[in-house]
Amino acid sequence: MDTSMIISSAIAVVGTLIIAFAVSVWLPGIERKFVQARIQQRVGPPISSPGLMAPIKFFFKEAVTPNSPMPRLYNAIPLISLIIVTAILLIIMPQMYFLGGLASIIAVVGLLKVEEITYMFMGSLSKSVLSVNMPFPDHAKGAKHVDATRSFIEELSTLRAFRLIAFGSFPLYIALFVPVAMSKSIYLSNIIAFQQLHGPVLFTVAGAIGAVVYFIGSMILLNEYPFAIMKTKADVIEGPMLEYMSKYRAYTYITKGLLIFVLASLFTTMFIGIPPNLFSPGILVTLATAIIFPILIASMSAFSPVFTFKQFYPVVAVTSILGAVAIAASFL
Amino acid sequence: MSNNNQVNSKVIETEVPLGTVHSAALEPYRVRLFVEDEYVRDAEITIGVNHRGIERIMEGLPVEKANALTEKICGICSHIHIWNSCLVAEKGLEIDVPPRAEYIRLIMSELERLHSHLLYLAHGCEVLGHETFSMRIFYIRETVMELLRMIGGNRVQYGVPVIGGIRPRSDLNEMRIQKISEGMDLIEEKMTEFADRFTRDPMIMSRITGVAALSKEDALRLAATGPTLRSTGVEVDLRRDMRQYDPFEFEVITQDDGDVKSNLLMRALEIFEAIKIIRQAVKDLPEGKITNRSWEMQDTGIIRSYIEAPRGKLYHSYRLEDGRVRNSIIRTPSITNINAMEHACIGTHITEAQLAIVQCDPCFTCTDRAIQIVDHPLKKTNKQNKII
């Protein structure tokens, strides 16, 4: 590989990353302003507010120590999460396929799993001030069950995050293996080459079913309504993320927007055969998918109540079965 | 510690405390959920962090001022408080209220019931996580709020009733009557669409059917009141016993299951009954005076009055001494519904516990009026001993 190629590859990677960050900060705004607010017949926030202006504002806020047994680790998790999501975007870029095994679907799945696990750490490291501090004692005369062991709602969020990882992410990962089964390779380069030769996976029966399953899986991974089991009213709305403040909160906002972009890019890579690449016109497909994704997500979210496990399990089970059907169909 | 608590503490292992200030709750209150495997086995709701001492402030105030103060108890059902408080004075002083004023008070009361029930439905949908329905109900509610503003001059505290009648600015002319009629048509049309869409949505129905059910026996045993009681099949409505409601035809809505679905449907159907009453009232609105000023102040014994507020039975009592209020007591419906709220939580998943509480339409800030002052002697510490 000569020097000019290395430089152009580096420019492509950095440029794609810059575009990804620049676009992703607008995606939460598109989701909330253009779709949800219109469906809900309300004004909605400015389009720049949820993804761009809010993080900027939070960067200039004062940070106080959270009510956590390990506050520094708790605060570090959003940054770790952001790095993981960025790493996923990096390895799906064609310039990084020289990494071999790291540029494979296994690495993508592994990193997505790590991203999911961060919610468990957030929950277990958070001790909400909203649940415990009281202006008067609970154990007053006549109080029930005075000796019960106290638990924090965030600890329940940890359990819920665990279930989300254990069950909820099945559809996404099953759907990711539809193109793998069709191309008979776990390497992203081979999956893209297969689609360049045989056409996009999306336009096959197996691919179309897989795409639907992938979309539902993305909503679960993004904790979007109706799959927001970590954001129910029994939780403190944002569950394990409640106590993030200042720049740490900004990182969570940026990560949310970037994750939407990354999942859309992964979709175009796996189901259309177009990886995110600044020097290719295919980047327009990636950008269009990145805009369509939050629009579809917001449309579905706006017409559904939050699921409890009673609804969540059957939906995940049916979607996973659909994914398995798609994989079976991909062998035909 | 009682033996009962000792026994129970062995069974209930984990407590999940929420609040008093908690983003899932609209008002400050403390909920202790005792859970096993994320299912609520017992619950305890404590209020007392937002006591505003309204009865204490009312003590010794001229009765007109005290009545006006009762309106500040609630931001949702403010009219029903001042109406009931005026009824106490009118009952004690034997004041005849002109029929036109009675009708306008009643119209305000039913408009308030409409906006309270719509707020309940919107809040219920919001707790379900269905923001779209919540927003659309608020959109319907906006019509009622504008009608209330038109009659009372404000969207929250209207100050319509005075002793012996109503405030002159709240009288209804032809234009206002026309606007009320148009408003009722609009609300009825939109509510019909909403109720149809709501009850046909399988996802919503699966979220609310059979959740947090309260039996008729439990509701009676726990002294539930208002729509919470009626949703279990008990046909009790104080409006049936009020002479002000005698000229009007309306149904007392009941549901059978006592669950979240029954409670939501209960309020939705009561909205149509309130519209029916308002239509009759504006159609048959009597002509004549709106205030009876020919009465004299005198001392009275303790006078009591009950009224059907949007959330249930509302009680006001006081006595008059030199035109001033003494021994004022107010009891809002939520205080009797707290037991039902606690009971409804039992057996639900923890994610539905908030819904179980909300289904009883709590209004704790208005309810917070009992206070117990305990003279707590300082503990004698070693440090104090040394100083002594």
# chains A, B, ... in the order shown; residues from 1 in each chain; ligands from 1
>>> select_by_dssp(residues="region 246-282 of chain A", states="helix (DSSP H, G or I)", output="PyMOL selection string")
chain A and resi 246-272
>>> select_by_dssp(residues="region 96-221 of chain B", states="strand (DSSP E)", output="JSON, numbers by chain")
{"B": [161, 162, 165, 166]}
>>> closest_residue(among="B:Leu128, B:Ile330, B:Ile151, B:Ile307", to="Ser304 (chain A)", atoms="only C-alpha atoms")
B:Leu128
>>> closest_residue(among="A:Ser4, A:Ser330, A:Gln40, A:Thr319", to="chain B", atoms="only C-alpha atoms")
A:Gln40
>>> atom_distance(atom1="CA of Ala143 (chain A)", atom2="CA of Glu217 (chain B)")
24.5 Å
>>> residues_around(residues="Pro362 (chain B)", least_positions_apart="5", cutoff="12 Å", atoms="only C-alpha atoms", output="PyMOL selection string")
chain B and resi 25-29+45+47+74+76+116+119-120+123-124+224-228+310-312+332-342+354-357+367-368
>>> residues_around(residues="Gln178 (chain B)", least_positions_apart="5", cutoff="9 Å", atoms="only C-alpha atoms", output="PyMOL selection string")
chain B and resi 173+183+282
>>> write_last_selection(atoms="N, CA, C and O atoms", output="short mmCIF file (atom, residue, chain, number, x, y, z; two decimals), in the first residue's frame")
data_model
loop_
_atom_site.label_atom_id
_atom_site.label_comp_id
_atom_site.auth_asym_id
_atom_site.auth_seq_id
_atom_site.Cartn_x
_atom_site.Cartn_y
_atom_site.Cartn_z
N ASN B 173 -74.59 35.17 28.56
CA ASN B 173 -75.43 35.82 27.54
C ASN B 173 -75.57 34.88 26.34
O ASN B 173 -75.03 33.76 26.34
N GLY B 183 -68.96 24.28 21.67
CA GLY B 183 -67.87 23.54 22.35
C GLY B 183 -68.28 22.11 22.68
O GLY B 183 -67.51 21.16 22.49
N VAL B 282 -77.94 24.71 29.53
CA VAL B 282 -77.93 25.93 28.71
C VAL B 282 -79.25 26.09 27.95
O VAL B 282 -79.68 27.22 27.66
#
>>> closest_residue(among="B:Asp322, B:Glu352, B:Asp96, B:Glu64", to="chain A", atoms="only C-alpha atoms")
B:Glu352
>>> atom_distance(atom1="CA of Gly233 (chain B)", atom2="CA of His117 (chain B)")
18.5 Å
>>> residues_around(residues="Thr192 (chain B)", least_positions_apart="6", cutoff="10 Å", atoms="only C-alpha atoms", output="count of residues only")
5
>>> atom_distance(atom1="CA of Ala288 (chain A)", atom2="CA of Leu27 (chain A)")
11.3 Å
>>> residues_around(residues="Glu273 (chain B)", least_positions_apart="6", cutoff="10 Å", atoms="only C-alpha atoms", output="VMD selection string")
chain B and resid 110 114 249 to 253 267 279
>>> closest_residue(among="A:Phe331, A:Phe267, A:Phe98, A:Tyr225", to="chain B", atoms="only C-alpha atoms")
A:Tyr225
>>> residues_around(residues="Asp259 (chain B)", least_positions_apart="2", cutoff="12 Å", atoms="only C-alpha atoms", output="PyMOL selection string")
chain B and resi 205+207-216+219+227-233+255-257+261-266+340-341+343-345+348+352+355-360
>>> write_last_selection(atoms="C-alpha atoms", output="mmCIF file, in the first residue's frame")
data_model
loop_
_atom_site.group_PDB
_atom_site.id
_atom_site.type_symbol
_atom_site.label_atom_id
_atom_site.label_comp_id
_atom_site.auth_asym_id
_atom_site.auth_seq_id
_atom_site.Cartn_x
_atom_site.Cartn_y
_atom_site.Cartn_z
ATOM 1 C CA MET B 205 -56.253 -2.965 25.527
ATOM 2 C CA ARG B 207 -51.846 -2.992 28.531
ATOM 3 C CA ILE B 208 -54.926 -2.043 30.561
ATOM 4 C CA THR B 209 -57.333 -4.989 30.638
ATOM 5 C CA GLY B 210 -57.293 -6.805 33.946
ATOM 6 C CA VAL B 211 -54.481 -4.617 35.302
ATOM 7 C CA ALA B 212 -54.741 -3.455 38.921
ATOM 8 C CA ALA B 213 -58.314 -4.723 39.315
ATOM 9 C CA LEU B 214 -60.247 -3.740 42.418
ATOM 10 C CA SER B 215 -63.265 -5.825 43.398
ATOM 11 C CA LYS B 216 -66.575 -4.309 44.444
ATOM 12 C CA ALA B 219 -63.748 -0.931 46.966
ATOM 13 C CA PRO B 227 -65.510 7.104 39.716
ATOM 14 C CA THR B 228 -63.040 4.746 41.418
ATOM 15 C CA LEU B 229 -65.958 3.183 43.304
ATOM 16 C CA ARG B 230 -68.324 3.297 40.341
ATOM 17 C CA SER B 231 -65.777 1.517 38.146
ATOM 18 C CA THR B 232 -66.238 -1.547 40.345
ATOM 19 C CA GLY B 233 -69.984 -1.631 39.674
ATOM 20 C CA GLN B 255 -68.207 -0.404 35.005
ATOM 21 C CA ASP B 256 -67.765 -3.889 36.354
ATOM 22 C CA ASP B 257 -64.115 -4.843 36.483
ATOM 23 C CA LYS B 261 -59.634 -0.276 31.529
ATOM 24 C CA SER B 262 -62.816 0.170 33.569
ATOM 25 C CA ASN B 263 -61.487 3.309 35.172
ATOM 26 C CA LEU B 264 -60.478 4.855 31.861
ATOM 27 C CA LEU B 265 -63.773 3.937 30.203
ATOM 28 C CA MET B 266 -65.656 5.138 33.267
ATOM 29 C CA ALA B 340 -57.843 1.714 47.128
ATOM 30 C CA MET B 341 -54.631 2.909 45.439
ATOM 31 C CA HIS B 343 -54.678 -2.185 47.290
ATOM 32 C CA ALA B 344 -54.770 -1.810 43.498
ATOM 33 C CA CYS B 345 -50.963 -1.990 43.384
ATOM 34 C CA THR B 348 -49.239 -5.834 39.625
ATOM 35 C CA GLU B 352 -47.629 -1.085 36.281
ATOM 36 C CA LEU B 355 -50.599 2.995 36.560
ATOM 37 C CA ALA B 356 -52.454 1.290 39.420
ATOM 38 C CA ILE B 357 -52.121 4.442 41.512
ATOM 39 C CA VAL B 358 -53.010 6.746 38.646
ATOM 40 C CA GLN B 359 -56.169 4.755 37.821
ATOM 41 C CA CYS B 360 -57.661 6.030 41.093
#
>>> closest_residue(among="B:Arg113, B:Leu285, B:Ser206, B:Cys366", to="Met145 (chain B)", atoms="only C-alpha atoms")
B:Arg113
